[in-house]
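Heads up, the thing below is written out as structure tokens.
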Protein chains: 2
Amino acid sequence: MTKKTSEGADVTARPTMHDVAAHARVGLSTVSRVVSGKAGVSLAKRNAVERAIAELGYSRNDFAHTLRTGSARTIGVVVTRISDPFYSQLIGAIESRAQERDLLVLVASSGDDAAESERVLKRMLSRRLDGLIVVAHEESDVAFLAAEPAAGTPIVFVDRPPVGLHSDVVIVDNERGAADAVRQLVRAGHRSIACIAHTVGRYTSEQRQIGFRAGVRQAGLPDRAELIVEVEDEIDACVEALRELFSLPDPPTALFTTNSRTTKAVLGAMRLMGVHPALIGFDDFELADLMTPPVTTIAQDPWASGEAAAELLFERIAGRGGPERRVVLGTRLITRGSGELPPA
Amino acid sequence: MTKKTSEGADVTARPTMHDVAAHARVGLSTVSRVVSGKAGVSLAKRNAVERAIAELGYSRNDFAHTLRTGSARTIGVVVTRISDPFYSQLIGAIESRAQERDLLVLVASSGDDAAESERVLKRMLSRRLDGLIVVAHEESDVAFLAAEPAAGTPIVFVDRPPVGLHSDVVIVDNERGAADAVRQLVRAGHRSIACIAHTVGRYTSEQRQIGFRAGVRQAGLPDRAELIVEVEDEIDACVEALRELFSLPDPPTALFTTNSRTTKAVLGAMRLMGVHPALIGFDDFELADLMTPPVTTIAQDPWASGEAAAELLFERIAGRGGPERRVVLGTRLITRGSGELPPA
DNA sequence: TTGTAGGCGTTATCAA
DNA sequence: TTGATAACGCCTACAA
């Protein structure tokens with residue numbers, strides 16, 4: 001149980017089943033049976049083994065176990081940015097579900113770079129994970145993952161369907177949510193509504209733009225292209241965008257933002273400029289209710305998305321075959337004030 | 001390369017080095033050399049192997065690799081709640097650093113339960129991780145981890161030093177930060193300042209209470225125990241606490257909160273009650289600058305903590321011996337308005 | 001430069 | 001009920 005390092009120092013190596021077997025004076029397979037909780041071991045030997053395990057501080061080497069059994073009891077989650085509140089909620093939900101099944105969760109950020117994203121995904125796959133949950137980077141072609149489900153690694157996509165690949169997916173009803181926002185603003189009396197869309201995160205942003213325009217049409221308002229602007233989610237860019245919008249002949253009296261990062265940036269810009277248009281943002285966010293005025297949002301529930309994705313994945317892991325499943329979660333209008341402001 | 005499942009269905013099993021070697025008509029070790037990027041392979045064979053790898057869609061089995069080499073190239077991170085913004089930032093930083101070194105990150109929530117926490121930690125350890133970063137649950141006795149560093153798994157604690165165990169640790173200067181908050185409030189003219197402390201998260205909360213009292217003493221103010229209250233971070237509890245504080249003979253004109261969750265809850269309570277005391281909160285948080293008035297905070301940088309912990313861990317993994325290291329990060333007063341309000 | 005033969009720690013098979 | 005033995009897929013001497 002002790003080994004020499006290359007430097008010649010003695011280190012206490014981890015005990016193996018061998019050590020336990022020797023210590024307990026039983027055979028190797030008896031130890032294995034005890035460790036794996038299998039039946040067919042006499043109480044006496046079982047006790048002896050358990051004592052040896054405690055005395056030696058033995059714990060099973062998962063790698064050897066996995067090599068032998070084929071299952072790592074681990075799933076992987078890849079998102080663009082772990083620290084984003086939306087994704088951290090998603091991860092939290094997945095991890096929570098995974099823990100119920102005694103699965104471990106490997107996480108990785110793919111960043112905003114497609115190449116990096118591919119590298120990370122490949123790295124995860126060499127882990128022989130039981131399954132993978134992926135929020136794909138917009139532009140990344142994930143077609144190279146096509147062979148995975150067949151090779152035994154089920155994959156579930158969240159938030160955005162993968163490009164060039166059929167797979168289980170969990171998304172929200174972006175179009176309907178955006179249209180709901182417009183309807184609410186129209187109800188408050190607005191006739192000129194702008195859509196401030198996030199340029200990165202193309203898929204969801206596009207869907208929400210489509211929903212926005214559908215909402216505008218349904219309300220019988222003119223479809224004015226100049227009222228839809230795309231911005232980076234920085235305050236400067238939003239100030240610029242708002243300035244242009246407000247200098248229009250028929251300026252907007254209300255704003256719709258396509259995700260929470262944009263909403264926050266726009267709120268910052270509004271404060272800087274001292275303007276107070278009505279506002280509804282896609283995505284709920286912490287403290288939305290403590291803003292002045294409180295911010296009305298189209299809430300999607302990242303925790304629910306995570307749970308749905310985990311469930312889908314667990315079913316696949318358990319062997320569910322059949323066609324890809326597509327879970328579409330609803331959104332919820334949370335009325336708080338900013339969306340009920342009448343036109344100035 | 002194909003196997004029968006127990007159901008008798010043919011599945012495409014993953015190719016192994018064997019398959020690649022056969023396909024490329026070379027020896028097993030040649031494949032190994034190519035995969036490991038080692039020198040000493042002729043260009044012709046290297047090309048042949050690479051073609052075979054591409055055609056077969058081979059990727060190395062990390063478990064076998066790890067079993068053989070002993071390093072999993074994976075570190076673990078255990079926090080109490082992944083979805084908490086503070087921890088998700090921490091994880092983001094660690095993951096970012098880990099990716100630079102081609103390490104993967106396993107994350108787990110330990111929850112608020114000591115038993116669960118121990119279970120999770122043990123689970124991680126059986127993974128033979130290269131290292132572990134832990135935000136220990138307050139009450140959890142992590143003494144059972146004592147043998148780990150010796151056994152080859154370095155551990156770094158963050159946010160709170162471990163109970164019953166010496167180890168590398170990254171913390172912030174909680175006392176000084178809290179005292180800074182008091183000083184700032186005193187500067188604005190306050191003579192009666194309350195401390196609203198989070199009951200859970202005992203260590204940091206206690207340190208910050210100590211700092212608070214030190215600040216009060218240093219300002220020459222009386223040490224009034226009734227001005228220090230402990231609450232759960234729910235709005236109801238905060239309303240209750242504020243009500244009591246404000247019904248004191250000499251009620252506080254300013255508040256200090258010991259962490260961001262409490263700050264947010266207190267802000268909610270303040271809005272409900274329609275009161276507007278001065279306020280400084282420990283921990284910065286998103287949108288603090290967009291509140292009305294903007295919230296002054298004692299900022300600690302979770303990203304920096306994560307990076308510091310990662311560095312400490314990497315050094316240990318690289319073989320640094322010697323005594324435990326203790327990194328104490330500073331805090332930063334971010335003046336925004338709520339802490340500069342004069343007494344009403 | 002290439003290939004062959006162990007062995008990493010575990011589990012499954014089989015015989016005792 | 002038990003224990004020896006052969007894989008799992010890979011890496012590392014060592015030999016050719």
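Just so we're on the same page: first chain in the structure tokens is A, next is B, and so on; residues restart at 1 for each chain, and ligands are numbered from 1 in the order they show up.
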For the contact check between chain B and chain D, emit one row per residue of chain B within 12 Å, containing the shortest atom pair and the distance in Å rounded to one decimal, counting only C-alpha atoms (C1' of nucleotides), chain then rising number order, as JSON lines.
{"residue": "B:Arg14", "atom": "CA", "partner": "D:DG9", "partner_atom": "C1'", "distance": 11.0}
{"residue": "B:Pro15", "atom": "CA", "partner": "D:DG9", "partner_atom": "C1'", "distance": 10.2}
{"residue": "B:Thr16", "atom": "CA", "partner": "D:DG9", "partner_atom": "C1'", "distance": 6.9}
{"residue": "B:Met17", "atom": "CA", "partner": "D:DG9", "partner_atom": "C1'", "distance": 7.6}
{"residue": "B:His18", "atom": "CA", "partner": "D:DG9", "partner_atom": "C1'", "distance": 8.7}
{"residue": "B:Asp19", "atom": "CA", "partner": "D:DG9", "partner_atom": "C1'", "distance": 11.2}
{"residue": "B:Leu28", "atom": "CA", "partner": "D:DC10", "partner_atom": "C1'", "distance": 9.9}
{"residue": "B:Ser29", "atom": "CA", "partner": "D:DC11", "partner_atom": "C1'", "distance": 8.4}
{"residue": "B:Thr30", "atom": "CA", "partner": "D:DC11", "partner_atom": "C1'", "distance": 11.4}
{"residue": "B:Val31", "atom": "CA", "partner": "D:DC10", "partner_atom": "C1'", "distance": 10.7}
{"residue": "B:Ser32", "atom": "CA", "partner": "D:DC11", "partner_atom": "C1'", "distance": 7.6}
{"residue": "B:Arg33", "atom": "CA", "partner": "D:DC11", "partner_atom": "C1'", "distance": 9.3}
{"residue": "B:Val35", "atom": "CA", "partner": "D:DC10", "partner_atom": "C1'", "distance": 10.8}
{"residue": "B:Ser36", "atom": "CA", "partner": "D:DC11", "partner_atom": "C1'", "distance": 9.6}
{"residue": "B:Lys38", "atom": "CA", "partner": "D:DC11", "partner_atom": "C1'", "distance": 11.9}
{"residue": "B:Ser59", "atom": "CA", "partner": "D:DG9", "partner_atom": "C1'", "distance": 11.4}
{"residue": "B:Arg60", "atom": "CA", "partner": "D:DC10", "partner_atom": "C1'", "distance": 8.5}
{"residue": "B:Asn61", "atom": "CA", "partner": "D:DG9", "partner_atom": "C1'", "distance": 6.8}
{"residue": "B:Asp62", "atom": "CA", "partner": "D:DC10", "partner_atom": "C1'", "distance": 8.7}
{"residue": "B:Phe63", "atom": "CA", "partner": "D:DG9", "partner_atom": "C1'", "distance": 8.1}
{"residue": "B:Ala64", "atom": "CA", "partner": "D:DG9", "partner_atom": "C1'", "distance": 5.1}
{"residue": "B:His65", "atom": "CA", "partner": "D:DC10", "partner_atom": "C1'", "distance": 5.2}
{"residue": "B:Thr66", "atom": "CA", "partner": "D:DC10", "partner_atom": "C1'", "distance": 8.4}
{"residue": "B:Leu67", "atom": "CA", "partner": "D:DC10", "partner_atom": "C1'", "distance": 8.1}
{"residue": "B:Arg68", "atom": "CA", "partner": "D:DC11", "partner_atom": "C1'", "distance": 6.2}
{"residue": "B:Thr69", "atom": "CA", "partner": "D:DC11", "partner_atom": "C1'", "distance": 7.2}
{"residue": "B:Gly70", "atom": "CA", "partner": "D:DC11", "partner_atom": "C1'", "distance": 10.8}
Go through chain C residue by residue and, counting only C-alpha atoms (C1' of nucleotides), keep those with an atom at most 8 Å from chain A; for each kept residue give the shortest atom pair and its distance in Å to one decimal, ordered by chain and increasing number, as CSV.
residue,atom,partner,partner_atom,distance
C:DG9,C1',A:Ala64,CA,5.0
C:DT10,C1',A:Ala64,CA,5.0
C:DT11,C1',A:Arg68,CA,6.1
Go ahead and write the selection's residues with C-alpha atoms (C1' of nucleotides) as a PDB file, in the first residue's frame.
ATOM      1  C1'  DG C   9      -8.348  -2.004 -10.278  1.00  0.00           C
ATOM      2  C1'  DT C  10     -12.500  -3.765 -11.078  1.00  0.00           C
ATOM      3  C1'  DT C  11     -16.271  -7.171 -12.272  1.00  0.00           C
TER       4       DT C  11
END
Write out as a list in words each polymer residue whose atoms come within 12 Å of Val186 of chain B, counting only C-alpha atoms (C1' of nucleotides); drop sequence neighbours fewer than 6 positions from it.
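That gives Ala179, Asp180, Ser192, Ile193, Ala194, Phe212, Gly215, Val216, Arg217, Gln218, Ala219, Gly220, Leu221, Pro252, Thr253, Ala254, Leu255, Phe256, Ala278, Leu279, Ile280, Gly339, Glu340, Leu341, Pro342 and Pro343 of chain B.
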Only C-alpha atoms, please: the residues just picked out, written as a PDB file, in the first residue's frame.
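What landed in result17.pdb:
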ATOM      1  CA  ALA B 179     -15.974  47.638   9.365  1.00  0.00           C
ATOM      2  CA  ASP B 180     -15.586  49.613   6.144  1.00  0.00           C
ATOM      3  CA  SER B 192     -27.556  54.325  15.078  1.00  0.00           C
ATOM      4  CA  ILE B 193     -26.778  51.494  12.700  1.00  0.00           C
ATOM      5  CA  ALA B 194     -28.341  48.055  12.640  1.00  0.00           C
ATOM      6  CA  PHE B 212     -19.507  45.337  12.251  1.00  0.00           C
ATOM      7  CA  GLY B 215     -16.490  49.285  13.220  1.00  0.00           C
ATOM      8  CA  VAL B 216     -19.046  50.519  15.700  1.00  0.00           C
ATOM      9  CA  ARG B 217     -16.454  50.572  18.459  1.00  0.00           C
ATOM     10  CA  GLN B 218     -13.917  52.325  16.298  1.00  0.00           C
ATOM     11  CA  ALA B 219     -16.464  55.031  15.581  1.00  0.00           C
ATOM     12  CA  GLY B 220     -16.954  55.525  19.282  1.00  0.00           C
ATOM     13  CA  LEU B 221     -20.572  54.450  19.133  1.00  0.00           C
ATOM     14  CA  PRO B 252     -31.514  52.743  13.454  1.00  0.00           C
ATOM     15  CA  THR B 253     -31.222  55.212  10.610  1.00  0.00           C
ATOM     16  CA  ALA B 254     -28.979  52.925   8.624  1.00  0.00           C
ATOM     17  CA  LEU B 255     -28.687  49.208   7.933  1.00  0.00           C
ATOM     18  CA  PHE B 256     -25.817  46.860   7.222  1.00  0.00           C
ATOM     19  CA  ALA B 278     -29.552  54.147   4.463  1.00  0.00           C
ATOM     20  CA  LEU B 279     -28.153  50.752   3.509  1.00  0.00           C
ATOM     21  CA  ILE B 280     -24.880  49.067   2.753  1.00  0.00           C
ATOM     22  CA  GLY B 339     -24.900  54.297   1.882  1.00  0.00           C
ATOM     23  CA  GLU B 340     -24.523  58.030   1.576  1.00  0.00           C
ATOM     24  CA  LEU B 341     -28.037  58.942   2.612  1.00  0.00           C
ATOM     25  CA  PRO B 342     -27.958  61.164   5.667  1.00  0.00           C
ATOM     26  CA  PRO B 343     -30.034  60.198   8.709  1.00  0.00           C
TER      27      PRO B 343
END
Please return, as an NGL selection string, all residues of chain A lying within 7 Å of chain B when only C-alpha atoms are considered.
:A and (12-14 or 59-64 or 66-67 or 82-83 or 85 or 88-89 or 92 or 95 or 105-108 or 126-128 or 150-151 or 268 or 290-292)
Using only N, CA and C atoms, please write the residues we just selected to a file, as a PDB file, in the first residue's frame.
ATOM      1  N   THR A  12       1.571   7.406   0.832  1.00  0.00           N
ATOM      2  CA  THR A  12       0.556   6.411   1.120  1.00  0.00           C
ATOM      3  C   THR A  12      -0.365   6.321  -0.077  1.00  0.00           C
ATOM      4  N   ALA A  13      -0.223   5.259  -0.819  1.00  0.00           N
ATOM      5  CA  ALA A  13      -1.092   5.098  -1.972  1.00  0.00           C
ATOM      6  C   ALA A  13      -2.479   4.661  -1.501  1.00  0.00           C
ATOM      7  N   ARG A  14      -3.420   4.843  -2.357  1.00  0.00           N
ATOM      8  CA  ARG A  14      -4.772   4.422  -1.979  1.00  0.00           C
ATOM      9  C   ARG A  14      -4.842   2.915  -1.933  1.00  0.00           C
ATOM     10  N   SER A  59     -11.822   3.262  -0.731  1.00  0.00           N
ATOM     11  CA  SER A  59     -13.002   3.592  -1.526  1.00  0.00           C
ATOM     12  C   SER A  59     -12.758   3.143  -2.956  1.00  0.00           C
ATOM     13  N   ARG A  60     -13.778   2.695  -3.579  1.00  0.00           N
ATOM     14  CA  ARG A  60     -13.653   2.062  -4.883  1.00  0.00           C
ATOM     15  C   ARG A  60     -13.122   3.012  -5.945  1.00  0.00           C
ATOM     16  N   ASN A  61     -12.281   2.541  -6.749  1.00  0.00           N
ATOM     17  CA  ASN A  61     -11.770   3.309  -7.878  1.00  0.00           C
ATOM     18  C   ASN A  61     -12.809   3.294  -9.000  1.00  0.00           C
ATOM     19  N   ASP A  62     -13.427   4.447  -9.189  1.00  0.00           N
ATOM     20  CA  ASP A  62     -14.495   4.530 -10.169  1.00  0.00           C
ATOM     21  C   ASP A  62     -14.025   4.292 -11.593  1.00  0.00           C
ATOM     22  N   PHE A  63     -12.775   4.571 -11.839  1.00  0.00           N
ATOM     23  CA  PHE A  63     -12.315   4.401 -13.209  1.00  0.00           C
ATOM     24  C   PHE A  63     -12.234   2.933 -13.582  1.00  0.00           C
ATOM     25  N   ALA A  64     -11.680   2.169 -12.687  1.00  0.00           N
ATOM     26  CA  ALA A  64     -11.617   0.741 -12.939  1.00  0.00           C
ATOM     27  C   ALA A  64     -13.036   0.182 -13.031  1.00  0.00           C
ATOM     28  N   THR A  66     -15.722   1.719 -13.931  1.00  0.00           N
ATOM     29  CA  THR A  66     -16.343   2.129 -15.184  1.00  0.00           C
ATOM     30  C   THR A  66     -15.762   1.373 -16.365  1.00  0.00           C
ATOM     31  N   LEU A  67     -14.474   1.206 -16.346  1.00  0.00           N
ATOM     32  CA  LEU A  67     -13.833   0.491 -17.442  1.00  0.00           C
ATOM     33  C   LEU A  67     -14.464  -0.892 -17.567  1.00  0.00           C
ATOM     34  N   ILE A  82     -21.288  29.340 -17.779  1.00  0.00           N
ATOM     35  CA  ILE A  82     -21.774  28.768 -16.530  1.00  0.00           C
ATOM     36  C   ILE A  82     -22.299  29.833 -15.580  1.00  0.00           C
ATOM     37  N   SER A  83     -21.644  30.984 -15.570  1.00  0.00           N
ATOM     38  CA  SER A  83     -21.998  31.984 -14.563  1.00  0.00           C
ATOM     39  C   SER A  83     -23.254  32.782 -14.927  1.00  0.00           C
ATOM     40  N   PRO A  85     -26.898  33.582 -14.981  1.00  0.00           N
ATOM     41  CA  PRO A  85     -27.927  33.110 -14.050  1.00  0.00           C
ATOM     42  C   PRO A  85     -28.862  32.084 -14.674  1.00  0.00           C
ATOM     43  N   SER A  88     -26.950  28.814 -14.854  1.00  0.00           N
ATOM     44  CA  SER A  88     -26.617  28.232 -13.562  1.00  0.00           C
ATOM     45  C   SER A  88     -27.868  27.621 -12.925  1.00  0.00           C
ATOM     46  N   GLN A  89     -29.017  28.215 -13.210  1.00  0.00           N
ATOM     47  CA  GLN A  89     -30.274  27.630 -12.738  1.00  0.00           C
ATOM     48  C   GLN A  89     -30.517  26.291 -13.427  1.00  0.00           C
ATOM     49  N   GLY A  92     -28.259  23.821 -12.020  1.00  0.00           N
ATOM     50  CA  GLY A  92     -28.714  23.454 -10.684  1.00  0.00           C
ATOM     51  C   GLY A  92     -29.826  22.421 -10.734  1.00  0.00           C
ATOM     52  N   GLU A  95     -28.427  19.059 -11.936  1.00  0.00           N
ATOM     53  CA  GLU A  95     -27.614  18.415 -10.905  1.00  0.00           C
ATOM     54  C   GLU A  95     -28.499  17.839  -9.814  1.00  0.00           C
ATOM     55  N   VAL A 105     -22.307  15.111 -12.229  1.00  0.00           N
ATOM     56  CA  VAL A 105     -22.470  16.023 -13.362  1.00  0.00           C
ATOM     57  C   VAL A 105     -21.172  16.725 -13.697  1.00  0.00           C
ATOM     58  N   LEU A 106     -20.793  16.584 -14.931  1.00  0.00           N
ATOM     59  CA  LEU A 106     -19.610  17.253 -15.443  1.00  0.00           C
ATOM     60  C   LEU A 106     -20.095  18.494 -16.179  1.00  0.00           C
ATOM     61  N   VAL A 107     -19.571  19.669 -15.853  1.00  0.00           N
ATOM     62  CA  VAL A 107     -20.016  20.864 -16.574  1.00  0.00           C
ATOM     63  C   VAL A 107     -18.875  21.491 -17.343  1.00  0.00           C
ATOM     64  N   ALA A 108     -19.225  22.181 -18.401  1.00  0.00           N
ATOM     65  CA  ALA A 108     -18.212  22.915 -19.143  1.00  0.00           C
ATOM     66  C   ALA A 108     -18.852  24.089 -19.861  1.00  0.00           C
ATOM     67  N   SER A 126     -15.188  11.770 -24.888  1.00  0.00           N
ATOM     68  CA  SER A 126     -14.183  10.742 -24.635  1.00  0.00           C
ATOM     69  C   SER A 126     -14.323  10.217 -23.207  1.00  0.00           C
ATOM     70  N   ARG A 127     -15.188  10.862 -22.468  1.00  0.00           N
ATOM     71  CA  ARG A 127     -15.431  10.392 -21.112  1.00  0.00           C
ATOM     72  C   ARG A 127     -16.437   9.256 -21.017  1.00  0.00           C
ATOM     73  N   ARG A 128     -16.959   8.885 -22.118  1.00  0.00           N
ATOM     74  CA  ARG A 128     -17.950   7.803 -22.096  1.00  0.00           C
ATOM     75  C   ARG A 128     -19.063   8.116 -21.106  1.00  0.00           C
ATOM     76  N   ALA A 150     -26.201   6.920 -31.530  1.00  0.00           N
ATOM     77  CA  ALA A 150     -26.079   5.537 -31.974  1.00  0.00           C
ATOM     78  C   ALA A 150     -24.968   4.834 -31.203  1.00  0.00           C
ATOM     79  N   ALA A 151     -23.903   5.563 -30.898  1.00  0.00           N
ATOM     80  CA  ALA A 151     -22.771   4.958 -30.216  1.00  0.00           C
ATOM     81  C   ALA A 151     -23.038   4.802 -28.724  1.00  0.00           C
ATOM     82  N   GLY A 268     -30.329  49.991 -17.880  1.00  0.00           N
ATOM     83  CA  GLY A 268     -29.194  50.857 -17.591  1.00  0.00           C
ATOM     84  C   GLY A 268     -29.187  52.068 -18.507  1.00  0.00           C
ATOM     85  N   LEU A 290     -38.147  44.628  -7.844  1.00  0.00           N
ATOM     86  CA  LEU A 290     -37.672  45.718  -6.987  1.00  0.00           C
ATOM     87  C   LEU A 290     -37.155  46.906  -7.793  1.00  0.00           C
ATOM     88  N   MET A 291     -37.323  46.847  -9.099  1.00  0.00           N
ATOM     89  CA  MET A 291     -36.921  47.991  -9.917  1.00  0.00           C
ATOM     90  C   MET A 291     -38.003  49.070  -9.797  1.00  0.00           C
ATOM     91  N   THR A 292     -37.655  50.265 -10.242  1.00  0.00           N
ATOM     92  CA  THR A 292     -38.628  51.355 -10.212  1.00  0.00           C
ATOM     93  C   THR A 292     -38.855  51.853 -11.622  1.00  0.00           C
TER      94      THR A 292
END
Nearby residues (only C-alpha atoms (C1' of nucleotides)) at most 9 Å from segment 155-163 of chain A, same-chain spacing under 4 positions excluded, as a PyMOL selection string
chain A and resi 131-143+145+148-149+167-172+203-204+305-306+309-310+312-313+316
Since we have the selection now, will you write its residues out, keeping N, CA and C atoms, as a short mmCIF file (atom, residue, chain, number, x, y, z; two decimals), in the first residue's frame?
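Saved as part.cif:
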data_model
loop_
_atom_site.label_atom_id
_atom_site.label_comp_id
_atom_site.auth_asym_id
_atom_site.auth_seq_id
_atom_site.Cartn_x
_atom_site.Cartn_y
_atom_site.Cartn_z
N GLY A 131 -24.71 10.33 -20.70
CA GLY A 131 -25.55 11.20 -21.51
C GLY A 131 -25.05 12.62 -21.45
N LEU A 132 -25.62 13.44 -22.32
CA LEU A 132 -25.12 14.79 -22.45
C LEU A 132 -26.29 15.76 -22.64
N ILE A 133 -26.21 16.88 -21.96
CA ILE A 133 -27.20 17.93 -22.16
C ILE A 133 -26.45 19.15 -22.68
N VAL A 134 -26.90 19.67 -23.78
CA VAL A 134 -26.13 20.69 -24.47
C VAL A 134 -26.97 21.92 -24.81
N VAL A 135 -26.46 23.09 -24.45
CA VAL A 135 -26.99 24.32 -25.00
C VAL A 135 -25.99 24.72 -26.06
N ALA A 136 -26.35 24.45 -27.30
CA ALA A 136 -25.38 24.61 -28.39
C ALA A 136 -25.14 26.06 -28.68
N HIS A 137 -23.90 26.35 -28.99
CA HIS A 137 -23.58 27.68 -29.45
C HIS A 137 -24.30 27.88 -30.78
N GLU A 138 -24.78 29.09 -30.98
CA GLU A 138 -25.64 29.33 -32.14
C GLU A 138 -25.07 28.83 -33.45
N GLU A 139 -23.87 29.30 -33.72
CA GLU A 139 -23.33 29.03 -35.05
C GLU A 139 -22.67 27.66 -35.16
N SER A 140 -22.53 27.03 -34.02
CA SER A 140 -21.77 25.80 -34.07
C SER A 140 -22.55 24.72 -34.78
N ASP A 141 -21.92 24.11 -35.70
CA ASP A 141 -22.51 23.00 -36.38
C ASP A 141 -22.23 21.77 -35.52
N VAL A 142 -23.27 21.22 -34.97
CA VAL A 142 -23.06 20.09 -34.07
C VAL A 142 -23.28 18.77 -34.78
N ALA A 143 -23.21 18.83 -36.11
CA ALA A 143 -23.46 17.62 -36.89
C ALA A 143 -22.48 16.51 -36.52
N LEU A 145 -21.84 15.48 -33.90
CA LEU A 145 -22.37 14.69 -32.79
C LEU A 145 -23.35 13.62 -33.27
N GLU A 148 -23.19 10.05 -32.12
CA GLU A 148 -23.17 9.74 -30.70
C GLU A 148 -24.35 8.94 -30.17
N PRO A 149 -25.56 9.40 -30.43
CA PRO A 149 -26.68 8.64 -29.88
C PRO A 149 -26.60 7.18 -30.27
N SER A 167 -32.51 15.44 -32.72
CA SER A 167 -32.23 15.00 -31.36
C SER A 167 -33.35 15.45 -30.43
N ASP A 168 -33.39 14.88 -29.25
CA ASP A 168 -34.34 15.35 -28.25
C ASP A 168 -34.02 16.79 -27.91
N VAL A 169 -35.04 17.56 -27.66
CA VAL A 169 -34.78 18.97 -27.39
C VAL A 169 -35.85 19.55 -26.46
N VAL A 170 -35.43 20.47 -25.62
CA VAL A 170 -36.36 21.19 -24.74
C VAL A 170 -36.25 22.67 -25.07
N ILE A 171 -37.34 23.26 -25.51
CA ILE A 171 -37.31 24.68 -25.78
C ILE A 171 -38.54 25.34 -25.16
N VAL A 172 -38.61 26.64 -25.23
CA VAL A 172 -39.82 27.31 -24.77
C VAL A 172 -40.52 27.92 -25.98
N TYR A 203 -30.76 32.11 -32.37
CA TYR A 203 -32.01 31.36 -32.53
C TYR A 203 -33.15 31.91 -31.68
N THR A 204 -32.93 32.00 -30.39
CA THR A 204 -34.02 32.46 -29.53
C THR A 204 -34.41 33.89 -29.87
N SER A 305 -36.86 23.87 -17.31
CA SER A 305 -36.19 23.41 -18.52
C SER A 305 -35.14 22.37 -18.18
N GLY A 306 -34.39 22.65 -17.12
CA GLY A 306 -33.36 21.71 -16.70
C GLY A 306 -33.96 20.38 -16.29
N ALA A 309 -35.17 18.50 -19.37
CA ALA A 309 -34.05 17.95 -20.13
C ALA A 309 -33.50 16.72 -19.42
N ALA A 310 -33.36 16.82 -18.12
CA ALA A 310 -32.84 15.69 -17.35
C ALA A 310 -33.76 14.48 -17.50
N LEU A 312 -35.84 13.77 -19.93
CA LEU A 312 -35.70 13.25 -21.29
C LEU A 312 -34.44 12.39 -21.40
N LEU A 313 -33.37 12.91 -20.83
CA LEU A 313 -32.10 12.20 -20.90
C LEU A 313 -32.14 10.89 -20.14
N ARG A 316 -33.83 8.24 -22.05
CA ARG A 316 -32.98 7.68 -23.11
C ARG A 316 -31.94 6.75 -22.52
#
Per-residue DSSP, segment 112-280 of chain A, filtered to strand (DSSP E or B), as a PDB file with C-alpha atoms, in the first residue's frame:
ATOM      1  CA  GLY A 131     -25.550  11.200 -21.513  1.00  0.00           C
ATOM      2  CA  LEU A 132     -25.118  14.790 -22.453  1.00  0.00           C
ATOM      3  CA  ILE A 133     -27.201  17.934 -22.158  1.00  0.00           C
ATOM      4  CA  VAL A 134     -26.134  20.695 -24.465  1.00  0.00           C
ATOM      5  CA  ILE A 155     -27.911  13.831 -26.123  1.00  0.00           C
ATOM      6  CA  VAL A 156     -30.575  16.333 -25.209  1.00  0.00           C
ATOM      7  CA  PHE A 157     -30.435  19.886 -26.447  1.00  0.00           C
ATOM      8  CA  VAL A 158     -31.881  22.760 -24.487  1.00  0.00           C
ATOM      9  CA  ASP A 168     -34.341  15.349 -28.250  1.00  0.00           C
ATOM     10  CA  VAL A 169     -34.784  18.967 -27.385  1.00  0.00           C
ATOM     11  CA  VAL A 170     -36.361  21.191 -24.743  1.00  0.00           C
ATOM     12  CA  ILE A 171     -37.315  24.684 -25.785  1.00  0.00           C
ATOM     13  CA  VAL A 172     -39.822  27.314 -24.771  1.00  0.00           C
ATOM     14  CA  ILE A 193     -43.638  49.462 -29.919  1.00  0.00           C
ATOM     15  CA  ALA A 194     -39.973  48.776 -30.486  1.00  0.00           C
ATOM     16  CA  CYS A 195     -38.209  45.451 -30.266  1.00  0.00           C
ATOM     17  CA  ILE A 196     -34.650  45.473 -28.979  1.00  0.00           C
ATOM     18  CA  ALA A 197     -33.106  42.167 -29.851  1.00  0.00           C
ATOM     19  CA  HIS A 198     -29.900  40.574 -28.717  1.00  0.00           C
ATOM     20  CA  ILE A 228     -36.695  46.388 -34.632  1.00  0.00           C
ATOM     21  CA  VAL A 229     -33.079  46.884 -33.685  1.00  0.00           C
ATOM     22  CA  GLU A 230     -30.341  44.455 -32.811  1.00  0.00           C
ATOM     23  CA  VAL A 231     -27.797  45.318 -30.158  1.00  0.00           C
ATOM     24  CA  ALA A 254     -42.961  51.019 -25.383  1.00  0.00           C
ATOM     25  CA  LEU A 255     -40.103  48.555 -25.637  1.00  0.00           C
ATOM     26  CA  PHE A 256     -39.857  44.799 -25.880  1.00  0.00           C
ATOM     27  CA  THR A 257     -36.479  43.222 -25.147  1.00  0.00           C
ATOM     28  CA  ALA A 278     -43.089  51.156 -21.004  1.00  0.00           C
ATOM     29  CA  LEU A 279     -41.097  47.940 -21.081  1.00  0.00           C
ATOM     30  CA  ILE A 280     -41.603  44.215 -21.156  1.00  0.00           C
TER      31      ILE A 280
END
Could you give me, as an NGL selection string, each residue of segment 157-337 of chain B that DSSP assigns to helix (DSSP H, G or I) when run on this structure's backbone?
:B and (174-187 or 202-218 or 225-227 or 235-246 or 260-273 or 288-290 or 302-317)
